[in-house]
Amino acid sequence: DANTMQFGQVEQNFEGEADPSKMTLGMKTWNWEKDPNEFTLTFSNNGTFGATTDCNSMGGSYTATKDTLSFSQIVSTKMYCEGSDETEFAALLLDTKGYHFTSKGELILDLKSNSGTAVFK
């Protein structure tokens, strides 16, 4: 069916193939570029999100407009893991002020404190 075909096209990682205007936060599970095998971010349509880290799972609420994005009420399981990037990951979620998509199919989180961006694929 047409929905499957359209979704399948977005899944391809060809350079310049994605159409940012058709991309949505909830279209897939996003993988953090720094550690894509462990850190994921998933947005649901009801204003909640889920995340996995190299140690725990997280979740909470998000608010998004056309270009702004903020995370709140973040909760996490409480396992301790030596050398985890989880603290940095949680901090970047809290520091997010906006987002945009790229033609490479990436989700870019724009951070508040002039600390640049976080890239998800």
# chains A, B, ... in the order shown; residues from 1 in each chain; ligands from 1
>>> select_by_dssp(residues="chain A", states="alpha helix (DSSP H)", output="list in words")
Ala2, Asn3, Thr4, Met5, Gln6, Phe7, Gly8, Gln9, Val10, Glu11, Glu86, Thr87, Glu88, Phe89, Ala90, Ala91, Leu92, Leu93 and Leu94 of chain A
>>> write_last_selection(atoms="all heavy atoms", output="tab-separated table (two decimals), in the first residue's frame")
chain	number	residue	atom	x	y	z
A	2	ALA	N	0.29	2.38	-0.27
A	2	ALA	CA	1.05	3.62	-0.47
A	2	ALA	C	1.81	4.04	0.79
A	2	ALA	O	2.91	4.55	0.71
A	2	ALA	CB	0.12	4.74	-0.91
A	3	ASN	N	1.22	3.84	1.96
A	3	ASN	CA	1.90	4.23	3.19
A	3	ASN	C	3.19	3.46	3.39
A	3	ASN	O	4.20	4.00	3.79
A	3	ASN	CB	0.99	4.01	4.41
A	3	ASN	CG	-0.15	5.01	4.43
A	3	ASN	OD1	-0.07	6.05	3.80
A	3	ASN	ND2	-1.20	4.67	5.15
A	4	THR	N	3.17	2.19	3.12
A	4	THR	CA	4.37	1.37	3.27
A	4	THR	C	5.45	1.84	2.31
A	4	THR	O	6.61	1.98	2.69
A	4	THR	CB	4.04	-0.11	3.00
A	4	THR	OG1	2.92	-0.47	3.80
A	4	THR	CG2	5.21	-0.99	3.36
A	5	MET	N	5.07	2.12	1.09
A	5	MET	CA	6.05	2.59	0.11
A	5	MET	C	6.68	3.90	0.54
A	5	MET	O	7.88	4.04	0.53
A	5	MET	CB	5.39	2.78	-1.26
A	5	MET	CG	5.26	1.48	-2.02
A	5	MET	SD	4.45	1.68	-3.62
A	5	MET	CE	5.01	3.25	-4.19
A	6	GLN	N	5.86	4.84	0.98
A	6	GLN	CA	6.39	6.14	1.39
A	6	GLN	C	7.33	5.97	2.58
A	6	GLN	O	8.41	6.53	2.61
A	6	GLN	CB	5.24	7.08	1.75
A	6	GLN	CG	5.73	8.48	2.08
A	6	GLN	CD	4.60	9.43	2.42
A	6	GLN	OE1	3.49	9.01	2.72
A	6	GLN	NE2	4.87	10.70	2.40
A	7	PHE	N	6.94	5.17	3.56
A	7	PHE	CA	7.78	4.96	4.73
A	7	PHE	C	9.09	4.30	4.32
A	7	PHE	O	10.15	4.65	4.79
A	7	PHE	CB	7.03	4.11	5.77
A	7	PHE	CG	7.73	4.06	7.10
A	7	PHE	CD1	7.65	5.13	7.96
A	7	PHE	CD2	8.46	2.95	7.47
A	7	PHE	CE1	8.30	5.11	9.18
A	7	PHE	CE2	9.11	2.91	8.69
A	7	PHE	CZ	9.03	3.99	9.55
A	8	GLY	N	9.00	3.35	3.40
A	8	GLY	CA	10.19	2.65	2.95
A	8	GLY	C	11.19	3.58	2.29
A	8	GLY	O	12.39	3.42	2.45
A	9	GLN	N	10.71	4.57	1.58
A	9	GLN	CA	11.62	5.50	0.92
A	9	GLN	C	12.39	6.32	1.94
A	9	GLN	O	13.57	6.58	1.77
A	9	GLN	CB	10.85	6.44	0.00
A	9	GLN	CG	10.33	5.74	-1.25
A	9	GLN	CD	9.39	6.62	-2.05
A	9	GLN	OE1	9.00	7.68	-1.60
A	9	GLN	NE2	9.01	6.15	-3.22
A	10	VAL	N	11.72	6.73	3.01
A	10	VAL	CA	12.38	7.54	4.03
A	10	VAL	C	13.45	6.72	4.75
A	10	VAL	O	14.46	7.25	5.16
A	10	VAL	CB	11.33	8.09	5.02
A	10	VAL	CG1	12.01	8.83	6.16
A	10	VAL	CG2	10.38	9.02	4.30
A	11	GLU	N	13.24	5.42	4.87
A	11	GLU	CA	14.20	4.57	5.57
A	11	GLU	C	15.55	4.50	4.87
A	11	GLU	O	16.55	4.24	5.49
A	11	GLU	CB	13.64	3.14	5.68
A	11	GLU	CG	12.54	3.00	6.71
A	11	GLU	CD	13.02	3.29	8.11
A	11	GLU	OE1	14.01	2.69	8.54
A	11	GLU	OE2	12.41	4.14	8.78
A	86	GLU	N	25.01	8.57	29.61
A	86	GLU	CA	23.61	8.88	29.90
A	86	GLU	C	23.41	10.29	30.46
A	86	GLU	O	22.45	10.96	30.11
A	86	GLU	CB	23.09	7.84	30.91
A	86	GLU	CG	21.63	7.99	31.22
A	86	GLU	CD	21.16	6.88	32.13
A	86	GLU	OE1	20.86	5.80	31.61
A	86	GLU	OE2	21.13	7.10	33.35
A	87	THR	N	24.31	10.75	31.33
A	87	THR	CA	24.17	12.09	31.90
A	87	THR	C	24.21	13.14	30.80
A	87	THR	O	23.41	14.07	30.78
A	87	THR	CB	25.28	12.34	32.94
A	87	THR	OG1	25.20	11.32	33.93
A	87	THR	CG2	25.10	13.68	33.62
A	88	GLU	N	25.13	12.98	29.87
A	88	GLU	CA	25.23	13.92	28.75
A	88	GLU	C	23.96	13.87	27.89
A	88	GLU	O	23.43	14.90	27.47
A	88	GLU	CB	26.45	13.56	27.89
A	88	GLU	CG	26.62	14.47	26.68
A	88	GLU	CD	27.74	14.02	25.75
A	88	GLU	OE1	28.52	13.12	26.10
A	88	GLU	OE2	27.81	14.58	24.64
A	89	PHE	N	23.46	12.67	27.64
A	89	PHE	CA	22.25	12.49	26.83
A	89	PHE	C	21.05	13.16	27.50
A	89	PHE	O	20.30	13.91	26.85
A	89	PHE	CB	22.00	11.00	26.65
A	89	PHE	CG	20.83	10.67	25.75
A	89	PHE	CD1	20.91	10.83	24.38
A	89	PHE	CD2	19.67	10.15	26.29
A	89	PHE	CE1	19.84	10.51	23.55
A	89	PHE	CE2	18.59	9.83	25.47
A	89	PHE	CZ	18.69	10.01	24.10
A	90	ALA	N	20.86	12.93	28.80
A	90	ALA	CA	19.75	13.55	29.53
A	90	ALA	C	19.87	15.07	29.52
A	90	ALA	O	18.89	15.78	29.35
A	90	ALA	CB	19.70	13.01	30.96
A	91	ALA	N	21.10	15.56	29.67
A	91	ALA	CA	21.33	17.01	29.67
A	91	ALA	C	20.98	17.62	28.31
A	91	ALA	O	20.39	18.69	28.24
A	91	ALA	CB	22.78	17.32	30.03
A	92	LEU	N	21.31	16.92	27.23
A	92	LEU	CA	21.00	17.50	25.92
A	92	LEU	C	19.50	17.50	25.68
A	92	LEU	O	18.97	18.42	25.05
A	92	LEU	CB	21.78	16.82	24.80
A	92	LEU	CG	21.39	15.47	24.24
A	92	LEU	CD1	20.31	15.57	23.19
A	92	LEU	CD2	22.63	14.84	23.60
A	93	LEU	N	18.77	16.51	26.19
A	93	LEU	CA	17.31	16.55	26.06
A	93	LEU	C	16.76	17.77	26.79
A	93	LEU	O	15.92	18.50	26.26
A	93	LEU	CB	16.68	15.27	26.62
A	93	LEU	CG	16.97	13.98	25.86
A	93	LEU	CD1	16.20	12.83	26.49
A	93	LEU	CD2	16.65	14.08	24.37
A	94	LEU	N	17.24	17.99	28.02
A	94	LEU	CA	16.75	19.13	28.80
A	94	LEU	C	17.16	20.46	28.17
A	94	LEU	O	16.50	21.47	28.39
A	94	LEU	CB	17.27	19.04	30.24
A	94	LEU	CG	16.61	17.95	31.08
A	94	LEU	CD1	17.36	17.78	32.40
A	94	LEU	CD2	15.14	18.27	31.33
>>> select_by_dssp(residues="segment 23-102 of chain A", states="strand (DSSP E)", output="ChimeraX atom specification")
/A:30-31,40-43,48-52,57-64,69-76,96-101
>>> write_last_selection(atoms="C-alpha atoms", output="CSV table (one decimal), in the first residue's frame")
chain,number,residue,atom,x,y,z
A,30,TRP,CA,16.0,8.0,16.1
A,31,ASN,CA,19.6,6.9,16.9
A,40,THR,CA,17.5,5.9,20.9
A,41,LEU,CA,14.7,8.4,21.0
A,42,THR,CA,11.1,7.6,20.0
A,43,PHE,CA,8.2,10.1,19.8
A,48,THR,CA,5.2,11.4,25.2
A,49,PHE,CA,8.6,10.1,24.3
A,50,GLY,CA,10.7,7.1,25.1
A,51,ALA,CA,14.5,6.7,25.1
A,52,THR,CA,17.1,4.1,25.7
A,57,SER,CA,15.5,3.6,29.8
A,58,MET,CA,13.9,7.0,29.9
A,59,GLY,CA,10.7,8.6,29.1
A,60,GLY,CA,8.6,11.7,29.6
A,61,SER,CA,6.7,14.4,27.8
A,62,TYR,CA,7.6,16.6,24.9
A,63,THR,CA,6.1,19.7,23.3
A,64,ALA,CA,6.7,20.4,19.7
A,69,LEU,CA,10.9,21.3,20.9
A,70,SER,CA,11.1,20.8,24.6
A,71,PHE,CA,11.3,17.8,26.9
A,72,SER,CA,9.8,17.7,30.4
A,73,GLN,CA,8.9,15.3,33.2
A,74,ILE,CA,11.8,13.1,32.3
A,75,VAL,CA,11.9,9.9,34.3
A,76,SER,CA,14.6,7.2,34.1
A,96,THR,CA,16.8,21.2,23.6
A,97,LYS,CA,15.0,24.3,22.3
A,98,GLY,CA,14.2,23.3,18.7
A,99,TYR,CA,14.7,20.9,15.9
A,100,HIS,CA,14.9,20.5,12.2
A,101,PHE,CA,15.4,17.7,9.7
>>> closest_residue(among="A:Asn46, A:Ser103, A:Glu38, A:Asn56", to="Gly26 of chain A", atoms="only C-alpha atoms")
A:Asn46
>>> closest_residue(among="A:Ser113, A:Asn45, A:Thr77, A:Ser84", to="Thr24 of chain A", atoms="only C-alpha atoms")
A:Asn45
>>> atom_distance(atom1="atom CA of Asp95 of chain A", atom2="atom CA of Ile108 of chain A")
12.9 Å
>>> atom_distance(atom1="atom CA of Thr53 of chain A", atom2="atom CA of Cys81 of chain A")
10.4 Å
>>> closest_residue(among="A:Asp54, A:Leu111, A:Thr68, A:Lys104", to="Glu82 of chain A", atoms="only C-alpha atoms")
A:Asp54
>>> atom_distance(atom1="atom CA of Trp32 of chain A", atom2="atom CA of Lys78 of chain A")
20.6 Å
>>> closest_residue(among="A:Asn114, A:Asp85, A:Thr65, A:Ala18", to="Lys34 of chain A", atoms="only C-alpha atoms")
A:Asp85
>>> closest_residue(among="A:Gly83, A:Lys28, A:Pro36, A:Ser21", to="Lys66 of chain A", atoms="only C-alpha atoms")
A:Ser21
>>> decode(residues="segment 95-107 of chain A", atoms="all heavy atoms", output="CSV table (one decimal), in the first residue's frame")
chain,number,residue,atom,x,y,z
A,95,ASP,N,18.2,20.5,27.4
A,95,ASP,CA,18.8,21.7,26.8
A,95,ASP,C,18.2,22.0,25.4
A,95,ASP,O,18.5,23.0,24.8
A,95,ASP,CB,20.3,21.5,26.7
A,95,ASP,CG,21.0,22.9,26.6
A,95,ASP,OD1,20.5,23.9,27.2
A,95,ASP,OD2,22.0,23.0,25.9
A,96,THR,N,17.3,21.1,24.9
A,96,THR,CA,16.8,21.2,23.6
A,96,THR,C,15.8,22.4,23.5
A,96,THR,O,14.9,22.5,24.4
A,96,THR,CB,16.1,19.9,23.1
A,96,THR,OG1,17.1,18.9,23.1
A,96,THR,CG2,15.4,20.1,21.8
A,97,LYS,N,15.9,23.2,22.5
A,97,LYS,CA,15.0,24.3,22.3
A,97,LYS,C,14.3,24.2,21.0
A,97,LYS,O,13.2,24.8,20.8
A,97,LYS,CB,15.7,25.7,22.3
A,97,LYS,CG,16.7,25.9,21.2
A,97,LYS,CD,17.3,27.3,21.3
A,97,LYS,CE,18.3,27.4,20.1
A,97,LYS,NZ,19.0,28.7,20.2
A,98,GLY,N,14.8,23.4,20.0
A,98,GLY,CA,14.2,23.3,18.7
A,98,GLY,C,14.7,22.1,18.0
A,98,GLY,O,15.6,21.4,18.4
A,99,TYR,N,14.2,22.0,16.8
A,99,TYR,CA,14.7,20.9,15.9
A,99,TYR,C,14.4,21.2,14.5
A,99,TYR,O,13.7,22.0,14.1
A,99,TYR,CB,13.9,19.6,16.3
A,99,TYR,CG,12.5,19.6,15.8
A,99,TYR,CD1,12.1,18.9,14.7
A,99,TYR,CD2,11.5,20.3,16.6
A,99,TYR,CE1,10.8,18.9,14.3
A,99,TYR,CE2,10.2,20.3,16.1
A,99,TYR,CZ,9.8,19.6,15.0
A,99,TYR,OH,8.5,19.6,14.6
A,100,HIS,N,15.1,20.4,13.6
A,100,HIS,CA,14.9,20.5,12.2
A,100,HIS,C,15.4,19.2,11.6
A,100,HIS,O,16.1,18.4,12.2
A,100,HIS,CB,15.5,21.7,11.5
A,100,HIS,CG,17.0,21.8,11.6
A,100,HIS,ND1,17.6,22.3,12.8
A,100,HIS,CD2,18.0,21.4,10.8
A,100,HIS,CE1,19.0,22.2,12.6
A,100,HIS,NE2,19.2,21.7,11.4
A,101,PHE,N,15.0,18.9,10.4
A,101,PHE,CA,15.4,17.7,9.7
A,101,PHE,C,16.3,18.1,8.5
A,101,PHE,O,16.3,19.2,8.0
A,101,PHE,CB,14.2,17.0,9.1
A,101,PHE,CG,13.2,16.6,10.1
A,101,PHE,CD1,12.0,17.2,10.3
A,101,PHE,CD2,13.5,15.5,11.0
A,101,PHE,CE1,11.0,16.8,11.2
A,101,PHE,CE2,12.6,15.1,12.0
A,101,PHE,CZ,11.4,15.8,12.1
A,102,THR,N,17.2,17.2,8.1
A,102,THR,CA,18.1,17.4,7.0
A,102,THR,C,17.7,16.5,5.8
A,102,THR,O,17.0,15.5,6.0
A,102,THR,CB,19.5,17.1,7.4
A,102,THR,OG1,19.7,15.7,7.5
A,102,THR,CG2,19.9,17.8,8.7
A,103,SER,N,18.2,16.9,4.6
A,103,SER,CA,18.0,16.0,3.5
A,103,SER,C,18.7,14.7,3.5
A,103,SER,O,18.4,13.8,2.7
A,103,SER,CB,18.4,16.8,2.2
A,103,SER,OG,19.7,17.1,2.2
A,104,LYS,N,19.5,14.5,4.5
A,104,LYS,CA,20.2,13.2,4.7
A,104,LYS,C,19.3,12.3,5.6
A,104,LYS,O,19.7,11.2,6.0
A,104,LYS,CB,21.5,13.4,5.4
A,104,LYS,CG,22.6,14.1,4.6
A,104,LYS,CD,23.9,14.1,5.4
A,104,LYS,CE,24.9,15.0,4.8
A,104,LYS,NZ,26.0,15.2,5.7
A,105,GLY,N,18.1,12.8,6.0
A,105,GLY,CA,17.2,12.1,6.8
A,105,GLY,C,17.6,12.1,8.3
A,105,GLY,O,17.2,11.3,9.1
A,106,GLU,N,18.3,13.2,8.7
A,106,GLU,CA,18.7,13.3,10.1
A,106,GLU,C,17.7,14.2,10.9
A,106,GLU,O,17.1,15.1,10.3
A,106,GLU,CB,20.0,14.0,10.2
A,106,GLU,CG,21.1,13.2,9.6
A,106,GLU,CD,22.4,14.0,9.3
A,106,GLU,OE1,22.3,15.2,9.1
A,106,GLU,OE2,23.5,13.3,9.4
A,107,LEU,N,17.6,14.0,12.2
A,107,LEU,CA,16.9,14.9,13.1
A,107,LEU,C,18.0,15.6,13.8
A,107,LEU,O,18.8,15.0,14.5
A,107,LEU,CB,16.0,14.0,14.1
A,107,LEU,CG,15.5,14.8,15.3
A,107,LEU,CD1,14.6,15.9,15.0
A,107,LEU,CD2,14.8,13.8,16.3
